[in-house]
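What follows is the content of upload14.cif (mmCIF, C-alpha atoms, pLDDT in the B column; chains and numbers go by the auth columns).
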```cif
data_upload
#
loop_
_atom_site.group_PDB
_atom_site.id
_atom_site.type_symbol
_atom_site.label_atom_id
_atom_site.label_comp_id
_atom_site.label_asym_id
_atom_site.label_seq_id
_atom_site.Cartn_x
_atom_site.Cartn_y
_atom_site.Cartn_z
_atom_site.B_iso_or_equiv
_atom_site.auth_seq_id
_atom_site.auth_asym_id
ATOM 1 C CA GLY A 1 -15.513 10.212 16.637 46.00 1 A
ATOM 2 C CA GLY A 2 -16.840 8.203 13.774 51.00 2 A
ATOM 3 C CA GLY A 3 -16.257 9.449 10.301 51.00 3 A
ATOM 4 C CA ASP A 4 -16.836 7.920 6.937 51.00 4 A
ATOM 5 C CA ILE A 5 -13.682 5.871 6.346 50.00 5 A
ATOM 6 C CA SER A 6 -14.293 5.863 2.593 47.00 6 A
ATOM 7 C CA ALA A 7 -14.301 9.663 2.399 45.00 7 A
ATOM 8 C CA ARG A 8 -10.507 9.817 2.032 46.00 8 A
ATOM 9 C CA CYS A 9 -10.125 6.713 -0.085 48.00 9 A
ATOM 10 C CA VAL A 10 -10.638 7.872 -3.629 43.00 10 A
ATOM 11 C CA THR A 11 -7.901 10.230 -4.713 44.00 11 A
ATOM 12 C CA THR A 12 -4.625 10.113 -6.557 44.00 12 A
ATOM 13 C CA LYS A 13 -3.409 13.606 -5.603 46.00 13 A
ATOM 14 C CA ASP A 14 -3.448 13.083 -1.825 49.00 14 A
ATOM 15 C CA PRO A 15 -2.215 9.827 -0.349 59.00 15 A
ATOM 16 C CA THR A 16 -5.079 7.481 0.346 78.00 16 A
ATOM 17 C CA ILE A 17 -5.551 6.027 3.791 88.00 17 A
ATOM 18 C CA VAL A 18 -4.139 2.756 2.422 91.00 18 A
ATOM 19 C CA LEU A 19 -1.070 4.489 1.008 91.00 19 A
ATOM 20 C CA ALA A 20 -0.361 6.503 4.156 91.00 20 A
ATOM 21 C CA SER A 21 -0.859 3.487 6.416 94.00 21 A
ATOM 22 C CA ALA A 22 1.197 1.167 4.199 95.00 22 A
ATOM 23 C CA ALA A 23 4.091 3.618 4.149 93.00 23 A
ATOM 24 C CA ARG A 24 4.113 3.653 7.954 95.00 24 A
ATOM 25 C CA GLY A 25 3.602 -0.094 8.364 96.00 25 A
ATOM 26 C CA HIS A 26 0.224 0.197 10.106 96.00 26 A
ATOM 27 C CA LEU A 27 -1.074 -3.262 9.200 97.00 27 A
ATOM 28 C CA PRO A 28 -4.363 -3.098 11.187 96.00 28 A
ATOM 29 C CA VAL A 29 -5.289 0.215 9.531 94.00 29 A
ATOM 30 C CA VAL A 30 -4.517 -1.161 6.058 94.00 30 A
ATOM 31 C CA GLN A 31 -6.630 -4.249 6.841 94.00 31 A
ATOM 32 C CA LEU A 32 -9.555 -2.122 7.993 91.00 32 A
ATOM 33 C CA ALA A 33 -9.327 0.253 5.043 90.00 33 A
ATOM 34 C CA LEU A 34 -9.271 -2.605 2.545 90.00 34 A
ATOM 35 C CA LYS A 35 -12.188 -4.267 4.318 89.00 35 A
ATOM 36 C CA HIS A 36 -14.169 -1.058 3.793 86.00 36 A
ATOM 37 C CA GLY A 37 -13.319 -0.913 0.097 85.00 37 A
ATOM 38 C CA CYS A 38 -10.682 1.793 0.072 85.00 38 A
ATOM 39 C CA GLU A 39 -8.614 2.235 -3.069 83.00 39 A
ATOM 40 C CA LEU A 40 -5.815 -0.333 -3.328 85.00 40 A
ATOM 41 C CA GLU A 41 -3.895 1.321 -6.159 84.00 41 A
ATOM 42 C CA GLY A 42 -4.039 5.016 -5.258 82.00 42 A
ATOM 43 C CA THR A 43 -0.749 6.830 -5.777 81.00 43 A
ATOM 44 C CA ASP A 44 1.108 9.677 -4.146 78.00 44 A
ATOM 45 C CA CYS A 45 2.498 12.662 -6.057 73.00 45 A
ATOM 46 C CA LEU A 46 5.547 10.569 -7.063 74.00 46 A
ATOM 47 C CA GLY A 47 3.428 7.740 -8.438 76.00 47 A
ATOM 48 C CA HIS A 48 4.148 5.345 -5.568 83.00 48 A
ATOM 49 C CA THR A 49 1.456 2.790 -4.808 88.00 49 A
ATOM 50 C CA PRO A 50 0.767 1.429 -1.306 91.00 50 A
ATOM 51 C CA LEU A 51 2.725 -1.725 -2.180 91.00 51 A
ATOM 52 C CA MET A 52 5.732 0.299 -3.309 88.00 52 A
ATOM 53 C CA SER A 53 5.593 2.442 -0.167 90.00 53 A
ATOM 54 C CA ALA A 54 5.369 -0.605 2.099 92.00 54 A
ATOM 55 C CA ALA A 55 8.331 -2.152 0.281 88.00 55 A
ATOM 56 C CA GLN A 56 10.415 0.971 0.622 87.00 56 A
ATOM 57 C CA GLY A 57 9.678 1.016 4.359 92.00 57 A
ATOM 58 C CA GLY A 58 10.467 -2.677 4.781 93.00 58 A
ATOM 59 C CA HIS A 59 6.946 -3.439 6.025 96.00 59 A
ATOM 60 C CA VAL A 60 6.756 -7.074 4.917 95.00 60 A
ATOM 61 C CA GLY A 61 3.443 -7.842 6.654 96.00 61 A
ATOM 62 C CA VAL A 62 1.754 -4.957 4.863 96.00 62 A
ATOM 63 C CA MET A 63 3.361 -6.013 1.575 94.00 63 A
ATOM 64 C CA MET A 64 2.037 -9.552 1.963 94.00 64 A
ATOM 65 C CA LEU A 65 -1.468 -8.270 2.772 96.00 65 A
ATOM 66 C CA LEU A 66 -1.487 -5.968 -0.248 95.00 66 A
ATOM 67 C CA MET A 67 -0.263 -8.717 -2.566 92.00 67 A
ATOM 68 C CA LYS A 68 -2.939 -11.064 -1.190 94.00 68 A
ATOM 69 C CA ALA A 69 -5.487 -8.322 -1.931 93.00 69 A
ATOM 70 C CA SER A 70 -4.241 -8.308 -5.556 91.00 70 A
ATOM 71 C CA ALA A 71 -2.090 -5.197 -5.504 88.00 71 A
ATOM 72 C CA ASP A 72 -0.415 -4.617 -8.848 85.00 72 A
ATOM 73 C CA ILE A 73 3.115 -5.948 -8.439 82.00 73 A
ATOM 74 C CA ASP A 74 3.966 -4.807 -11.971 78.00 74 A
ATOM 75 C CA ALA A 75 3.594 -1.158 -10.929 76.00 75 A
ATOM 76 C CA GLN A 76 7.123 -0.933 -9.618 59.00 76 A
ATOM 77 C CA ASP A 77 10.071 1.395 -9.665 58.00 77 A
ATOM 78 C CA GLY A 78 12.831 -1.233 -9.610 51.00 78 A
ATOM 79 C CA TYR A 79 13.049 -1.293 -5.817 56.00 79 A
ATOM 80 C CA LEU A 80 10.028 -3.527 -5.191 52.00 80 A
ATOM 81 C CA GLY A 81 11.440 -6.469 -7.128 52.00 81 A
ATOM 82 C CA LEU A 82 14.623 -6.337 -5.080 45.00 82 A
ATOM 83 C CA VAL A 83 12.706 -6.419 -1.815 50.00 83 A
ATOM 84 C CA ILE A 84 10.518 -9.356 -2.857 53.00 84 A
ATOM 85 C CA ASN A 85 13.533 -11.277 -4.148 50.00 85 A
ATOM 86 C CA ALA A 86 15.407 -10.638 -0.880 48.00 86 A
ATOM 87 C CA GLN A 87 12.480 -12.088 1.082 54.00 87 A
ATOM 88 C CA HIS A 88 12.740 -15.346 -0.858 50.00 88 A
ATOM 89 C CA ALA A 89 16.542 -15.678 -0.691 46.00 89 A
#
```
Structure translated into structure tokens:
Amino acid sequence: GGGDISARCVTTKDPTIVLASAARGHLPVVQLALKHGCELEGTDCLGHTPLMSAAQGGHVGVMMLLMKASADIDAQDGYLGLVINAQHA
């Protein structure tokens, strides 16, 4: 069934489709959601962004996509910097 993909994209209380997909490493879903203008910086109830969630899950491909899409790398909890630094070691 076809639904409006943007319907679940603008919220900070519930995880956005980008956040949920990034946390699970679903790169094609993140790509599609971003293509349709879904929120890049939505947060979960703990304040985690999609980039932070992808980093915590070790989903490097999703991290790279989000950074290319201009995700805020300054919105971090200390863990993200470690992951990015480890990738460049």
- A:Val18, A:Leu46, A:Leu27, A:Met52: which is nearest Ala75 of chain A, counting all atoms listed in the file?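 The shortest atom-to-atom distance to Ala75 of chain A comes from A:Met52.
Atom pair atom CA of Leu66 of chain A / atom CA of Val30 of chain A has a distance of 8.5 Å (rounded to one decimal).
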- Message: Which residue is closest to Asp74 of chain A? Choose from A:Leu51, A:Ala33, A:Leu19, A:Glu39 and count only C-alpha atoms.
- Response: A:Leu51
- Starting from the shown file, work through the PyMOL selection byres ((chain A and resi 34) around 12) and note down what comes out as number ranges by chain. A: 5-6, 9, 16-19, 21-22, 27-33, 35-41, 50, 62, 65-66, 68-71
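Atom pair atom CA of Gly58 of chain A / atom CA of Arg24 of chain A: separated by 9.5 Å.
With the shown file loaded, the PyMOL selection byres ((chain A and resi 59) around 9) picks out Ala22, Ala23, Arg24, Gly25, His26, Leu27, Ser53, Ala54, Ala55, Gln56, Gly57, Gly58, Val60, Gly61, Val62, Met63 and Met64 of chain A.
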Dump C-alpha atoms for the selected residues as a short mmCIF file (atom, residue, chain, number, x, y, z; two decimals), keeping the file's coordinate frame?
```
data_model
loop_
_atom_site.label_atom_id
_atom_site.label_comp_id
_atom_site.auth_asym_id
_atom_site.auth_seq_id
_atom_site.Cartn_x
_atom_site.Cartn_y
_atom_site.Cartn_z
CA ALA A 22 1.20 1.17 4.20
CA ALA A 23 4.09 3.62 4.15
CA ARG A 24 4.11 3.65 7.95
CA GLY A 25 3.60 -0.09 8.36
CA HIS A 26 0.22 0.20 10.11
CA LEU A 27 -1.07 -3.26 9.20
CA SER A 53 5.59 2.44 -0.17
CA ALA A 54 5.37 -0.60 2.10
CA ALA A 55 8.33 -2.15 0.28
CA GLN A 56 10.42 0.97 0.62
CA GLY A 57 9.68 1.02 4.36
CA GLY A 58 10.47 -2.68 4.78
CA VAL A 60 6.76 -7.07 4.92
CA GLY A 61 3.44 -7.84 6.65
CA VAL A 62 1.75 -4.96 4.86
CA MET A 63 3.36 -6.01 1.58
CA MET A 64 2.04 -9.55 1.96
#
```
Any chance you could build segment 25-36 of chain A out to all heavy atoms and write it as a PDB file, in the frame of the given file?
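The new file result.pdb reads:
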```
ATOM      1  N   GLY A  25       3.635   1.260   7.841  1.00 96.00           N
ATOM      2  CA  GLY A  25       3.602  -0.094   8.364  1.00 96.00           C
ATOM      3  C   GLY A  25       2.462  -0.380   9.322  1.00 96.00           C
ATOM      4  O   GLY A  25       2.540  -1.302  10.125  1.00 96.00           O
ATOM      5  N   HIS A  26       1.375   0.380   9.211  1.00 96.00           N
ATOM      6  CA  HIS A  26       0.224   0.197  10.106  1.00 96.00           C
ATOM      7  C   HIS A  26      -0.713  -0.872   9.541  1.00 96.00           C
ATOM      8  O   HIS A  26      -1.745  -0.579   8.940  1.00 96.00           O
ATOM      9  CB  HIS A  26      -0.517   1.511  10.307  1.00 96.00           C
ATOM     10  CG  HIS A  26       0.287   2.579  10.970  1.00 96.00           C
ATOM     11  ND1 HIS A  26       0.906   2.394  12.187  1.00 96.00           N
ATOM     12  CD2 HIS A  26       0.588   3.841  10.580  1.00 96.00           C
ATOM     13  CE1 HIS A  26       1.545   3.498  12.531  1.00 96.00           C
ATOM     14  NE2 HIS A  26       1.380   4.379  11.563  1.00 96.00           N
ATOM     15  N   LEU A  27      -0.338  -2.125   9.752  1.00 97.00           N
ATOM     16  CA  LEU A  27      -1.074  -3.262   9.200  1.00 97.00           C
ATOM     17  C   LEU A  27      -2.557  -3.258   9.574  1.00 97.00           C
ATOM     18  O   LEU A  27      -3.406  -3.436   8.699  1.00 97.00           O
ATOM     19  CB  LEU A  27      -0.405  -4.574   9.617  1.00 97.00           C
ATOM     20  CG  LEU A  27      -1.017  -5.862   9.091  1.00 97.00           C
ATOM     21  CD1 LEU A  27      -0.980  -5.906   7.570  1.00 97.00           C
ATOM     22  CD2 LEU A  27      -0.295  -7.066   9.666  1.00 97.00           C
ATOM     23  N   PRO A  28      -2.929  -3.064  10.857  1.00 96.00           N
ATOM     24  CA  PRO A  28      -4.363  -3.098  11.187  1.00 96.00           C
ATOM     25  C   PRO A  28      -5.171  -2.020  10.461  1.00 96.00           C
ATOM     26  O   PRO A  28      -6.315  -2.264  10.076  1.00 96.00           O
ATOM     27  CB  PRO A  28      -4.404  -2.871  12.704  1.00 96.00           C
ATOM     28  CG  PRO A  28      -3.045  -3.265  13.187  1.00 96.00           C
ATOM     29  CD  PRO A  28      -2.104  -2.923  12.069  1.00 96.00           C
ATOM     30  N   VAL A  29      -4.579  -0.855  10.236  1.00 94.00           N
ATOM     31  CA  VAL A  29      -5.289   0.215   9.531  1.00 94.00           C
ATOM     32  C   VAL A  29      -5.453  -0.154   8.062  1.00 94.00           C
ATOM     33  O   VAL A  29      -6.528   0.056   7.477  1.00 94.00           O
ATOM     34  CB  VAL A  29      -4.552   1.568   9.681  1.00 94.00           C
ATOM     35  CG1 VAL A  29      -5.271   2.664   8.900  1.00 94.00           C
ATOM     36  CG2 VAL A  29      -4.434   1.951  11.148  1.00 94.00           C
ATOM     37  N   VAL A  30      -4.420  -0.720   7.455  1.00 94.00           N
ATOM     38  CA  VAL A  30      -4.517  -1.161   6.058  1.00 94.00           C
ATOM     39  C   VAL A  30      -5.593  -2.234   5.937  1.00 94.00           C
ATOM     40  O   VAL A  30      -6.427  -2.188   5.021  1.00 94.00           O
ATOM     41  CB  VAL A  30      -3.160  -1.671   5.537  1.00 94.00           C
ATOM     42  CG1 VAL A  30      -3.305  -2.228   4.126  1.00 94.00           C
ATOM     43  CG2 VAL A  30      -2.112  -0.563   5.558  1.00 94.00           C
ATOM     44  N   GLN A  31      -5.612  -3.193   6.865  1.00 94.00           N
ATOM     45  CA  GLN A  31      -6.630  -4.249   6.841  1.00 94.00           C
ATOM     46  C   GLN A  31      -8.028  -3.655   6.908  1.00 94.00           C
ATOM     47  O   GLN A  31      -8.914  -4.039   6.141  1.00 94.00           O
ATOM     48  CB  GLN A  31      -6.427  -5.211   8.009  1.00 94.00           C
ATOM     49  CG  GLN A  31      -5.215  -6.093   7.863  1.00 94.00           C
ATOM     50  CD  GLN A  31      -4.932  -6.899   9.124  1.00 94.00           C
ATOM     51  OE1 GLN A  31      -5.068  -6.415  10.246  1.00 94.00           O
ATOM     52  NE2 GLN A  31      -4.500  -8.144   8.930  1.00 94.00           N
ATOM     53  N   LEU A  32      -8.241  -2.737   7.821  1.00 91.00           N
ATOM     54  CA  LEU A  32      -9.555  -2.122   7.993  1.00 91.00           C
ATOM     55  C   LEU A  32      -9.960  -1.324   6.761  1.00 91.00           C
ATOM     56  O   LEU A  32     -11.100  -1.414   6.292  1.00 91.00           O
ATOM     57  CB  LEU A  32      -9.562  -1.217   9.234  1.00 91.00           C
ATOM     58  CG  LEU A  32     -10.876  -0.543   9.573  1.00 91.00           C
ATOM     59  CD1 LEU A  32     -11.941  -1.585   9.911  1.00 91.00           C
ATOM     60  CD2 LEU A  32     -10.685   0.419  10.733  1.00 91.00           C
ATOM     61  N   ALA A  33      -9.023  -0.558   6.223  1.00 90.00           N
ATOM     62  CA  ALA A  33      -9.327   0.253   5.043  1.00 90.00           C
ATOM     63  C   ALA A  33      -9.697  -0.625   3.848  1.00 90.00           C
ATOM     64  O   ALA A  33     -10.662  -0.337   3.130  1.00 90.00           O
ATOM     65  CB  ALA A  33      -8.133   1.143   4.703  1.00 90.00           C
ATOM     66  N   LEU A  34      -8.958  -1.706   3.647  1.00 90.00           N
ATOM     67  CA  LEU A  34      -9.271  -2.605   2.545  1.00 90.00           C
ATOM     68  C   LEU A  34     -10.618  -3.286   2.749  1.00 90.00           C
ATOM     69  O   LEU A  34     -11.396  -3.472   1.807  1.00 90.00           O
ATOM     70  CB  LEU A  34      -8.171  -3.648   2.361  1.00 90.00           C
ATOM     71  CG  LEU A  34      -6.817  -3.118   1.880  1.00 90.00           C
ATOM     72  CD1 LEU A  34      -5.798  -4.242   1.829  1.00 90.00           C
ATOM     73  CD2 LEU A  34      -6.936  -2.409   0.541  1.00 90.00           C
ATOM     74  N   LYS A  35     -10.898  -3.645   3.991  1.00 89.00           N
ATOM     75  CA  LYS A  35     -12.188  -4.267   4.318  1.00 89.00           C
ATOM     76  C   LYS A  35     -13.349  -3.344   3.959  1.00 89.00           C
ATOM     77  O   LYS A  35     -14.423  -3.802   3.552  1.00 89.00           O
ATOM     78  CB  LYS A  35     -12.229  -4.608   5.810  1.00 89.00           C
ATOM     79  CG  LYS A  35     -13.529  -5.240   6.267  1.00 89.00           C
ATOM     80  CD  LYS A  35     -13.497  -5.532   7.749  1.00 89.00           C
ATOM     81  CE  LYS A  35     -14.839  -6.051   8.214  1.00 89.00           C
ATOM     82  NZ  LYS A  35     -14.860  -6.276   9.668  1.00 89.00           N
ATOM     83  N   HIS A  36     -13.122  -2.035   4.091  1.00 86.00           N
ATOM     84  CA  HIS A  36     -14.169  -1.058   3.793  1.00 86.00           C
ATOM     85  C   HIS A  36     -14.115  -0.558   2.355  1.00 86.00           C
ATOM     86  O   HIS A  36     -14.782   0.411   2.014  1.00 86.00           O
ATOM     87  CB  HIS A  36     -14.084   0.114   4.774  1.00 86.00           C
ATOM     88  CG  HIS A  36     -14.588  -0.252   6.133  1.00 86.00           C
ATOM     89  ND1 HIS A  36     -15.920  -0.219   6.462  1.00 86.00           N
ATOM     90  CD2 HIS A  36     -13.938  -0.693   7.230  1.00 86.00           C
ATOM     91  CE1 HIS A  36     -16.071  -0.620   7.718  1.00 86.00           C
ATOM     92  NE2 HIS A  36     -14.877  -0.906   8.203  1.00 86.00           N
TER      93      HIS A  36
END
```
